[in-house]
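Heads up, query_3.txt below (compact mmCIF, C-alpha atoms and all ligand atoms):
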```
# COMPACT_ATOMS: atom_id res chain seq x y z
CA MET Y 1 -73.70 40.19 -61.20
CA THR Y 2 -73.61 42.28 -58.06
CA ILE Y 3 -73.04 40.89 -54.59
CA GLY Y 4 -74.28 42.90 -51.64
CA PHE Y 5 -72.29 42.89 -48.41
CA PHE Y 6 -73.93 44.16 -45.28
CA ASP Y 7 -72.68 45.00 -41.78
CA SER Y 8 -73.47 47.45 -38.99
CA GLY Y 9 -70.23 49.29 -39.81
CA LEU Y 10 -66.68 48.60 -41.00
CA GLY Y 11 -66.39 44.94 -39.94
CA GLY Y 12 -67.89 43.35 -43.04
CA LEU Y 13 -65.09 44.93 -45.07
CA THR Y 14 -62.79 42.20 -43.73
CA VAL Y 15 -65.11 39.65 -45.36
CA MET Y 16 -65.54 41.61 -48.58
CA ALA Y 17 -61.75 41.98 -48.85
CA GLU Y 18 -61.48 38.19 -48.77
CA ALA Y 19 -64.18 37.98 -51.47
CA LEU Y 20 -62.28 40.51 -53.61
CA ARG Y 21 -59.18 38.30 -53.30
CA LYS Y 22 -60.95 35.05 -54.15
CA LEU Y 23 -63.73 36.27 -56.46
CA PRO Y 24 -62.33 39.30 -58.30
CA ALA Y 25 -64.67 38.91 -61.28
CA GLN Y 26 -67.81 40.05 -59.45
CA ASP Y 27 -69.20 43.50 -58.69
CA TYR Y 28 -69.77 44.52 -55.08
CA VAL Y 29 -72.03 46.86 -53.14
CA TYR Y 30 -71.26 47.34 -49.43
CA MET Y 31 -73.73 48.83 -46.99
CA ALA Y 32 -72.85 49.94 -43.44
CA ASP Y 33 -75.70 50.80 -41.10
CA THR Y 34 -74.14 54.00 -39.78
CA LEU Y 35 -77.50 55.13 -38.41
CA HIS Y 36 -77.41 52.30 -35.88
CA VAL Y 37 -73.87 50.98 -35.40
CA PRO Y 38 -73.03 49.25 -33.04
CA TYR Y 39 -75.55 46.41 -33.01
CA GLY Y 40 -73.87 44.17 -30.46
CA THR Y 41 -74.92 46.12 -27.37
CA LYS Y 42 -78.55 46.72 -28.44
CA GLU Y 43 -81.82 44.83 -28.04
CA LYS Y 44 -82.58 41.92 -30.33
CA ALA Y 45 -85.91 43.32 -31.66
CA GLN Y 46 -84.32 46.68 -32.41
CA VAL Y 47 -81.44 45.09 -34.32
CA ASN Y 48 -83.88 42.93 -36.28
CA ASP Y 49 -85.69 46.08 -37.48
CA TYR Y 50 -82.43 47.85 -38.32
CA VAL Y 51 -81.18 44.93 -40.40
CA LEU Y 52 -84.45 44.67 -42.35
CA GLN Y 53 -84.46 48.43 -43.06
CA ALA Y 54 -80.83 48.54 -44.19
CA VAL Y 55 -81.13 45.45 -46.38
CA ALA Y 56 -84.28 46.92 -47.98
CA MET Y 57 -82.14 49.98 -48.92
CA MET Y 58 -79.56 47.67 -50.49
CA MET Y 59 -82.18 45.86 -52.51
CA GLU Y 60 -82.89 49.13 -54.33
CA LYS Y 61 -79.37 48.81 -55.80
CA GLY Y 62 -80.41 45.60 -57.53
CA ILE Y 63 -78.13 43.05 -55.92
CA ASP Y 64 -78.14 39.39 -57.01
CA ALA Y 65 -76.80 37.79 -53.82
CA LEU Y 66 -76.35 38.96 -50.24
CA VAL Y 67 -73.66 38.31 -47.66
CA VAL Y 68 -74.72 39.24 -44.15
CA ALA Y 69 -71.13 40.02 -43.16
CA CYS Y 70 -72.02 40.41 -39.51
CA ASN Y 71 -72.32 37.63 -36.94
CA THR Y 72 -74.72 39.68 -34.82
CA ALA Y 73 -77.11 40.52 -37.69
CA THR Y 74 -77.01 36.92 -38.91
CA SER Y 75 -77.88 35.46 -35.55
CA ILE Y 76 -80.83 37.85 -35.19
CA ALA Y 77 -82.26 38.27 -38.69
CA VAL Y 78 -80.99 35.82 -41.32
CA THR Y 79 -84.07 33.56 -41.13
CA GLU Y 80 -86.44 36.46 -41.80
CA LEU Y 81 -84.20 37.77 -44.60
CA ARG Y 82 -84.28 34.36 -46.30
CA GLU Y 83 -88.07 34.26 -46.03
CA LYS Y 84 -88.35 37.72 -47.52
CA TYR Y 85 -85.85 37.66 -50.38
CA ALA Y 86 -85.54 34.96 -53.04
CA MET Y 87 -81.81 35.22 -53.64
CA PRO Y 88 -78.73 33.45 -52.35
CA ILE Y 89 -78.08 34.76 -48.82
CA VAL Y 90 -74.92 33.81 -46.96
CA GLY Y 91 -74.81 34.42 -43.22
CA MET Y 92 -71.99 34.21 -40.69
CA GLU Y 93 -71.56 32.49 -37.38
CA PRO Y 94 -68.53 32.29 -35.07
CA ALA Y 95 -66.13 29.61 -36.38
CA VAL Y 96 -66.78 27.30 -33.42
CA LYS Y 97 -66.82 24.07 -35.46
CA PRO Y 98 -63.25 24.32 -36.79
CA ALA Y 99 -62.11 25.51 -33.35
CA VAL Y 100 -63.62 22.43 -31.69
CA GLU Y 101 -61.91 20.18 -34.25
CA MET Y 102 -58.64 21.77 -33.15
CA ILE Y 103 -59.28 20.63 -29.56
CA ARG Y 104 -58.65 17.07 -30.79
CA THR Y 105 -55.04 17.90 -31.57
CA THR Y 106 -54.32 20.60 -29.00
CA GLY Y 107 -56.39 19.24 -26.08
CA LYS Y 108 -56.80 22.89 -25.09
CA ARG Y 109 -59.75 25.20 -24.50
CA VAL Y 110 -61.36 27.61 -26.99
CA LEU Y 111 -62.21 31.26 -26.34
CA VAL Y 112 -64.84 32.87 -28.57
CA PHE Y 113 -64.62 36.66 -28.92
CA ALA Y 114 -67.89 38.20 -30.18
CA THR Y 115 -70.45 40.89 -29.39
CA PRO Y 116 -72.62 40.53 -26.27
CA LEU Y 117 -75.74 40.12 -28.45
CA THR Y 118 -74.26 37.27 -30.52
CA LEU Y 119 -73.10 35.47 -27.39
CA GLN Y 120 -76.49 35.85 -25.67
CA GLN Y 121 -78.46 34.17 -28.46
CA PRO Y 122 -79.81 30.62 -28.10
CA LYS Y 123 -78.33 30.12 -31.59
CA PHE Y 124 -74.83 30.50 -30.15
CA TYR Y 125 -75.49 27.99 -27.35
CA ALA Y 126 -77.07 25.58 -29.84
CA LEU Y 127 -73.99 25.89 -32.07
CA VAL Y 128 -71.63 25.18 -29.17
CA SER Y 129 -73.64 22.30 -27.72
CA ARG Y 130 -73.98 20.65 -31.14
CA VAL Y 131 -70.23 20.30 -31.45
CA GLU Y 132 -68.82 20.27 -27.91
CA GLY Y 133 -70.21 18.77 -24.73
CA GLU Y 134 -67.42 19.20 -22.20
CA GLY Y 135 -67.51 22.93 -21.51
CA LEU Y 136 -64.26 23.62 -23.33
CA VAL Y 137 -65.68 26.54 -25.34
CA GLU Y 138 -66.01 29.85 -23.48
CA PRO Y 139 -67.53 33.14 -24.67
CA LEU Y 140 -65.78 36.48 -24.14
CA PRO Y 141 -67.79 39.55 -25.21
CA LEU Y 142 -65.64 42.44 -26.50
CA PRO Y 143 -68.09 45.32 -27.18
CA GLU Y 144 -65.38 48.02 -26.88
CA LEU Y 145 -63.49 46.52 -29.82
CA VAL Y 146 -66.25 47.52 -32.26
CA ARG Y 147 -66.03 51.12 -31.01
CA TYR Y 148 -62.24 51.15 -31.34
CA CYS Y 149 -62.52 49.82 -34.87
CA GLU Y 150 -65.21 52.32 -35.86
CA SER Y 151 -62.84 55.12 -34.85
CA LEU Y 152 -59.96 53.45 -36.76
CA GLN Y 153 -58.05 52.96 -33.52
CA PHE Y 154 -55.31 50.51 -34.51
CA ASP Y 155 -52.50 51.82 -32.31
CA PRO Y 156 -50.59 48.68 -31.23
CA ASP Y 157 -49.79 50.00 -27.72
CA ILE Y 158 -53.35 51.03 -26.93
CA MET Y 159 -54.85 47.88 -28.37
CA THR Y 160 -52.32 45.55 -26.77
CA ALA Y 161 -53.10 47.13 -23.39
CA TYR Y 162 -56.83 46.59 -24.04
CA PHE Y 163 -56.38 42.90 -24.93
CA ARG Y 164 -54.06 42.31 -21.96
CA GLU Y 165 -56.68 43.68 -19.61
CA LYS Y 166 -59.44 41.55 -21.15
CA LEU Y 167 -57.32 38.40 -21.10
CA GLU Y 168 -55.89 38.98 -17.64
CA PRO Y 169 -58.30 36.54 -15.89
CA TYR Y 170 -57.36 33.69 -18.26
CA ASN Y 171 -54.44 31.30 -17.99
CA LEU Y 172 -53.46 31.31 -21.67
CA ASP Y 173 -51.53 28.04 -21.32
CA ASP Y 174 -54.94 26.33 -21.11
CA TYR Y 175 -56.21 27.78 -24.40
CA GLY Y 176 -55.35 26.56 -27.89
CA THR Y 177 -57.68 28.62 -30.09
CA ILE Y 178 -59.28 32.06 -30.14
CA VAL Y 179 -62.24 32.51 -32.47
CA LEU Y 180 -62.87 36.02 -33.82
CA GLY Y 181 -66.68 35.82 -33.90
CA CYS Y 182 -67.34 39.41 -35.01
CA THR Y 183 -66.29 40.72 -38.40
CA HIS Y 184 -64.77 43.86 -36.90
CA TYR Y 185 -62.21 41.82 -34.96
CA PRO Y 186 -59.94 40.51 -37.79
CA PHE Y 187 -58.59 44.06 -38.13
CA TYR Y 188 -56.80 43.27 -34.83
CA ARG Y 189 -55.49 39.87 -35.84
CA SER Y 190 -51.83 40.89 -36.14
CA ILE Y 191 -51.88 42.89 -32.87
CA LEU Y 192 -53.35 39.84 -31.15
CA ARG Y 193 -50.87 37.54 -32.87
CA ASP Y 194 -47.98 39.63 -31.56
CA MET Y 195 -49.19 39.62 -27.96
CA LEU Y 196 -50.48 36.03 -27.63
CA PRO Y 197 -48.30 33.02 -26.87
CA PRO Y 198 -47.38 31.32 -30.17
CA HIS Y 199 -49.29 28.09 -29.39
CA ILE Y 200 -52.65 29.93 -29.66
CA GLU Y 201 -54.30 29.87 -33.10
CA VAL Y 202 -56.46 32.86 -34.00
CA ILE Y 203 -59.21 31.95 -36.47
CA ASP Y 204 -62.25 33.58 -38.05
CA GLY Y 205 -65.05 32.60 -40.44
CA ASN Y 206 -64.15 34.88 -43.33
CA ALA Y 207 -62.52 32.35 -45.67
CA GLY Y 208 -65.27 29.78 -45.01
CA THR Y 209 -67.95 32.39 -45.73
CA VAL Y 210 -66.38 33.30 -49.06
CA ARG Y 211 -66.07 29.60 -49.97
CA ARG Y 212 -69.82 29.20 -49.30
CA LEU Y 213 -70.56 32.32 -51.34
CA SER Y 214 -68.48 31.01 -54.22
CA ALA Y 215 -70.26 27.64 -54.19
CA LEU Y 216 -73.68 29.35 -54.17
CA LEU Y 217 -72.78 31.67 -57.04
CA THR Y 218 -71.71 28.69 -59.09
CA ARG Y 219 -74.87 26.78 -58.21
CA TYR Y 220 -77.06 29.71 -59.24
CA GLY Y 221 -75.02 30.29 -62.40
CA ILE Y 222 -74.08 33.85 -61.43
CA ALA Y 223 -70.33 33.46 -60.86
CA ASN Y 224 -67.68 35.54 -62.69
CA ASN Y 225 -70.02 38.10 -64.17
CA GLY Y 226 -68.42 41.36 -63.07
CA SER Y 227 -65.22 43.36 -63.02
CA GLY Y 228 -64.39 43.90 -59.32
CA ARG Y 229 -66.27 47.21 -59.12
CA VAL Y 230 -66.91 48.25 -55.50
CA GLU Y 231 -69.56 50.71 -54.34
CA LEU Y 232 -69.50 51.75 -50.70
CA MET Y 233 -72.71 53.01 -49.09
CA CYS Y 234 -73.99 53.82 -45.62
CA THR Y 235 -77.49 54.29 -44.27
CA ASP Y 236 -76.96 57.92 -43.23
CA GLY Y 237 -75.15 58.77 -46.48
CA ASN Y 238 -72.31 60.55 -44.63
CA PRO Y 239 -69.46 61.21 -47.10
CA ASP Y 240 -66.90 61.27 -44.26
CA TYR Y 241 -67.89 57.73 -43.35
CA ILE Y 242 -67.56 56.63 -46.99
CA ALA Y 243 -63.98 57.97 -46.89
CA LYS Y 244 -63.43 56.05 -43.65
CA MET Y 245 -64.73 52.88 -45.33
CA GLU Y 246 -62.25 53.37 -48.19
CA THR Y 247 -59.39 53.59 -45.67
CA ALA Y 248 -60.64 50.54 -43.74
CA LEU Y 249 -61.08 48.53 -46.97
CA GLY Y 250 -57.44 49.33 -47.78
CA TYR Y 251 -56.42 47.93 -44.37
CA ALA Y 252 -58.68 44.91 -44.81
CA ARG Y 253 -57.11 44.11 -48.19
CA GLU Y 254 -53.69 43.98 -46.52
CA LEU Y 255 -54.77 41.52 -43.81
CA GLU Y 256 -53.00 38.20 -44.07
CA TYR Y 257 -54.77 34.86 -43.99
N1 LIG F 301 -69.55 43.25 -37.12
C1 LIG F 301 -70.60 42.75 -36.33
C2 LIG F 301 -70.47 41.25 -36.06
O1 LIG F 301 -69.87 40.54 -36.83
C3 LIG F 301 -71.12 43.48 -35.13
C4 LIG F 301 -70.59 44.77 -34.68
C5 LIG F 301 -71.60 45.60 -33.88
O2 LIG F 301 -71.69 45.46 -32.66
O3 LIG F 301 -72.30 46.35 -34.52
O4 LIG F 301 -71.00 40.76 -35.10
```

Would it be possible to restate this file's structure as structure tokens?
Amino acid sequence: MTIGFFDSGLGGLTVMAEALRKLPAQDYVYMADTLHVPYGTKEKAQVNDYVLQAVAMMMEKGIDALVVACNTATSIAVTELREKYAMPIVGMEPAVKPAVEMIRTTGKRVLVFATPLTLQQPKFYALVSRVEGEGLVEPLPLPELVRYCESLQFDPDIMTAYFREKLEPYNLDDYGTIVLGCTHYPFYRSILRDMLPPHIEVIDGNAGTVRRLSALLTRYGIANNGSGRVELMCTDGNPDYIAKMETALGYARELEY
């Protein structure tokens, strides 16, 4: 069976890499919406249309399950996608719940990195207020990070300088957990790890998403039906971008969890 992974650009590859590790006996199709990346700085209605168009293109490939490997697209469009398509659809949201559980042991605050659009949605506030009532979870939008990632900018000096500037207003002694609430961000996990004080945990939702996918595939009886074949696609069909996706998938497969 074929699992479709969808993102605005390269970010969802970090999720698909985790799926390839845990569920190697599936086939995969990945679609990046190169016509419209980035999503996180655009209007909600626009992004909703883009997601529906790109997913419709993926459907022509005959996928059996869909992972919306993008926190922004999930928060805007997953409900409509589920209404439209009768197949297992797994969405993503910033890993706020596990981060809040960590407050119990650390007693320290949580910083959620995500796109501006994800952090503006009522869905994000509902998620936070369901699990935490004391104002210990703070959002920090990092729109530039998607652009850096899309240009494969992983230079440790440049990126460390960027993170230092963004984190400058925060007293890091007060924080115990950073949530990577955008699928592009795990590419920077080790750079962050090297610059942050060791007491700060850096977490994302990738492993949890793949666990949910695995459970759904089993429930629908479509697990272990493929051979790990991967097809990379993008909405503008640019062969240079496909080559870039191959490089980024190589990086994503080396990320450590
Ligand atoms: N990778 C996407 C996410 O998880 C968004 C990146 C973008 O701004 O397009 O939110």

Give me, as a JSON list (two decimals) with C-alpha atoms, in the frame of the given file, the set of residues whose atoms come within 8 Å of any atom of ligand LIG 301 (chain F), counting all atoms listed in the file.
```
[["chain", "number", "residue", "atom", "x", "y", "z"],
["Y", 7, "ASP", "CA", -72.68, 45.00, -41.78],
["Y", 8, "SER", "CA", -73.47, 47.45, -38.99],
["Y", 9, "GLY", "CA", -70.23, 49.29, -39.81],
["Y", 10, "LEU", "CA", -66.68, 48.60, -41.00],
["Y", 11, "GLY", "CA", -66.39, 44.94, -39.94],
["Y", 12, "GLY", "CA", -67.89, 43.35, -43.04],
["Y", 36, "HIS", "CA", -77.41, 52.30, -35.88],
["Y", 37, "VAL", "CA", -73.87, 50.98, -35.40],
["Y", 38, "PRO", "CA", -73.03, 49.25, -33.04],
["Y", 39, "TYR", "CA", -75.55, 46.41, -33.01],
["Y", 40, "GLY", "CA", -73.87, 44.17, -30.46],
["Y", 41, "THR", "CA", -74.92, 46.12, -27.37],
["Y", 69, "ALA", "CA", -71.13, 40.02, -43.16],
["Y", 70, "CYS", "CA", -72.02, 40.41, -39.51],
["Y", 71, "ASN", "CA", -72.32, 37.63, -36.94],
["Y", 72, "THR", "CA", -74.72, 39.68, -34.82],
["Y", 73, "ALA", "CA", -77.11, 40.52, -37.69],
["Y", 92, "MET", "CA", -71.99, 34.21, -40.69],
["Y", 114, "ALA", "CA", -67.89, 38.20, -30.18],
["Y", 115, "THR", "CA", -70.45, 40.89, -29.39],
["Y", 117, "LEU", "CA", -75.74, 40.12, -28.45],
["Y", 118, "THR", "CA", -74.26, 37.27, -30.52],
["Y", 143, "PRO", "CA", -68.09, 45.32, -27.18],
["Y", 146, "VAL", "CA", -66.25, 47.52, -32.26],
["Y", 181, "GLY", "CA", -66.68, 35.82, -33.90],
["Y", 182, "CYS", "CA", -67.34, 39.41, -35.01],
["Y", 183, "THR", "CA", -66.29, 40.72, -38.40],
["Y", 184, "HIS", "CA", -64.77, 43.86, -36.90],
["Y", 185, "TYR", "CA", -62.21, 41.82, -34.96]]
```

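Closest approach to Y:Met87 among Y:Thr2, Y:Thr177, Y:Gln53, Y:Thr105: Y:Thr2, based on all atoms listed in the file.
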
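Nearest residue to Y:Arg109, choosing from Y:His199, Y:Gln46, Y:Asp155, Y:Asp33 and counting only C-alpha atoms: Y:His199.
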
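Non-sequential neighbours of stretch 20-29 of chain Y (distance at most 7 Å, separation of 2 or more positions within a chain, only C-alpha atoms) are Y:Met1, Y:Thr2, Y:Ile3, Y:Gly4, Y:Phe5, Y:Met16, Y:Ala17, Y:Glu18, Y:Met31, Y:Asn224, Y:Asn225, Y:Gly226, Y:Ser227, Y:Gly228, Y:Arg229, Y:Val230, Y:Glu231, Y:Leu232.
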
Put those residues in a file: C-alpha atoms, as an mmCIF file, in the frame of the given file.
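Below you can see selection_25.cif, which holds the result:
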```
data_model
loop_
_atom_site.group_PDB
_atom_site.id
_atom_site.type_symbol
_atom_site.label_atom_id
_atom_site.label_comp_id
_atom_site.auth_asym_id
_atom_site.auth_seq_id
_atom_site.Cartn_x
_atom_site.Cartn_y
_atom_site.Cartn_z
ATOM 1 C CA MET Y 1 -73.700 40.190 -61.200
ATOM 2 C CA THR Y 2 -73.610 42.280 -58.060
ATOM 3 C CA ILE Y 3 -73.040 40.890 -54.590
ATOM 4 C CA GLY Y 4 -74.280 42.900 -51.640
ATOM 5 C CA PHE Y 5 -72.290 42.890 -48.410
ATOM 6 C CA MET Y 16 -65.540 41.610 -48.580
ATOM 7 C CA ALA Y 17 -61.750 41.980 -48.850
ATOM 8 C CA GLU Y 18 -61.480 38.190 -48.770
ATOM 9 C CA MET Y 31 -73.730 48.830 -46.990
ATOM 10 C CA ASN Y 224 -67.680 35.540 -62.690
ATOM 11 C CA ASN Y 225 -70.020 38.100 -64.170
ATOM 12 C CA GLY Y 226 -68.420 41.360 -63.070
ATOM 13 C CA SER Y 227 -65.220 43.360 -63.020
ATOM 14 C CA GLY Y 228 -64.390 43.900 -59.320
ATOM 15 C CA ARG Y 229 -66.270 47.210 -59.120
ATOM 16 C CA VAL Y 230 -66.910 48.250 -55.500
ATOM 17 C CA GLU Y 231 -69.560 50.710 -54.340
ATOM 18 C CA LEU Y 232 -69.500 51.750 -50.700
#
```

Within 9 Å of (-55.2, 42.8, -44.7), in the coordinates the file gives, what residues turn up when you count only C-alpha atoms, written out as a list in words?
Thr14, Ala17, Glu18, Pro186, Phe187, Leu249, Gly250, Tyr251, Ala252, Arg253, Glu254, Leu255, Glu256 and Tyr257 of chain Y

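Relative to atom CA of Y:Gln121, atom CA of Y:Lys97 is found at 16.9 Å.
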
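If only C-alpha atoms are the atoms counted, then among Y:Val137, Y:Leu35, Y:Val55, Y:Met195 the closest residue to Y:Tyr241 is Y:Leu35.
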
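Across Y:Ala45, Y:Val51, Y:Ser151, Y:Ile89, the tightest approach to Y:Ile63 is made by Y:Ile89 when counting all atoms listed in the file.
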
Would you pick out the contacts of Y:Leu180 at 10 Å or less, using all atoms listed in the file, so that residues sharing its chain but fewer than 5 positions from it are not included, and give the list as a ChimeraX atom specification?
/Y:94-96,111-114,185-186,188-189,202-206

One residue among Y:Gly237, Y:Ala56, Y:Arg211, Y:Glu201 is nearest to Y:Met102 when using only C-alpha atoms, and that residue is Y:Glu201

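Minimum distance to Y:Thr160 across Y:Asp194, Y:Ile76, Y:Arg104, Y:Asp240 (counting all atoms listed in the file) occurs at Y:Asp194.
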
If we count all atoms listed in the file and set the cut-off at 8 Å, which residues sit around Y:Val110, ignoring sequence neighbours fewer than 5 positions away in its own chain? Please answer as JSON, numbers by chain.
{"Y": [99, 100, 103, 136, 137, 138, 175, 176, 177, 178, 179]}

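The interatomic distance for the pair atom CA of Y:Met233 and atom CA of Y:Thr34 works out to 9.5 Å.
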
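Residues in contact with Y:Phe163 at up to 12 Å, not including ones fewer than 4 positions away on its chain and judged by all atoms listed in the file, are Phe113, Leu140, Pro141, Leu142, Glu144, Leu145, Tyr148, Pro156, Asp157, Ile158, Met159, Leu167, Glu168, Pro169, Tyr170, Tyr185, Tyr188, Arg189, Ile191, Leu192, Arg193, Asp194, Met195 and Leu196 of chain Y.
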
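When atom CA of Y:Leu13 is paired with atom CA of Y:Thr74, their separation reads 15.6 Å.
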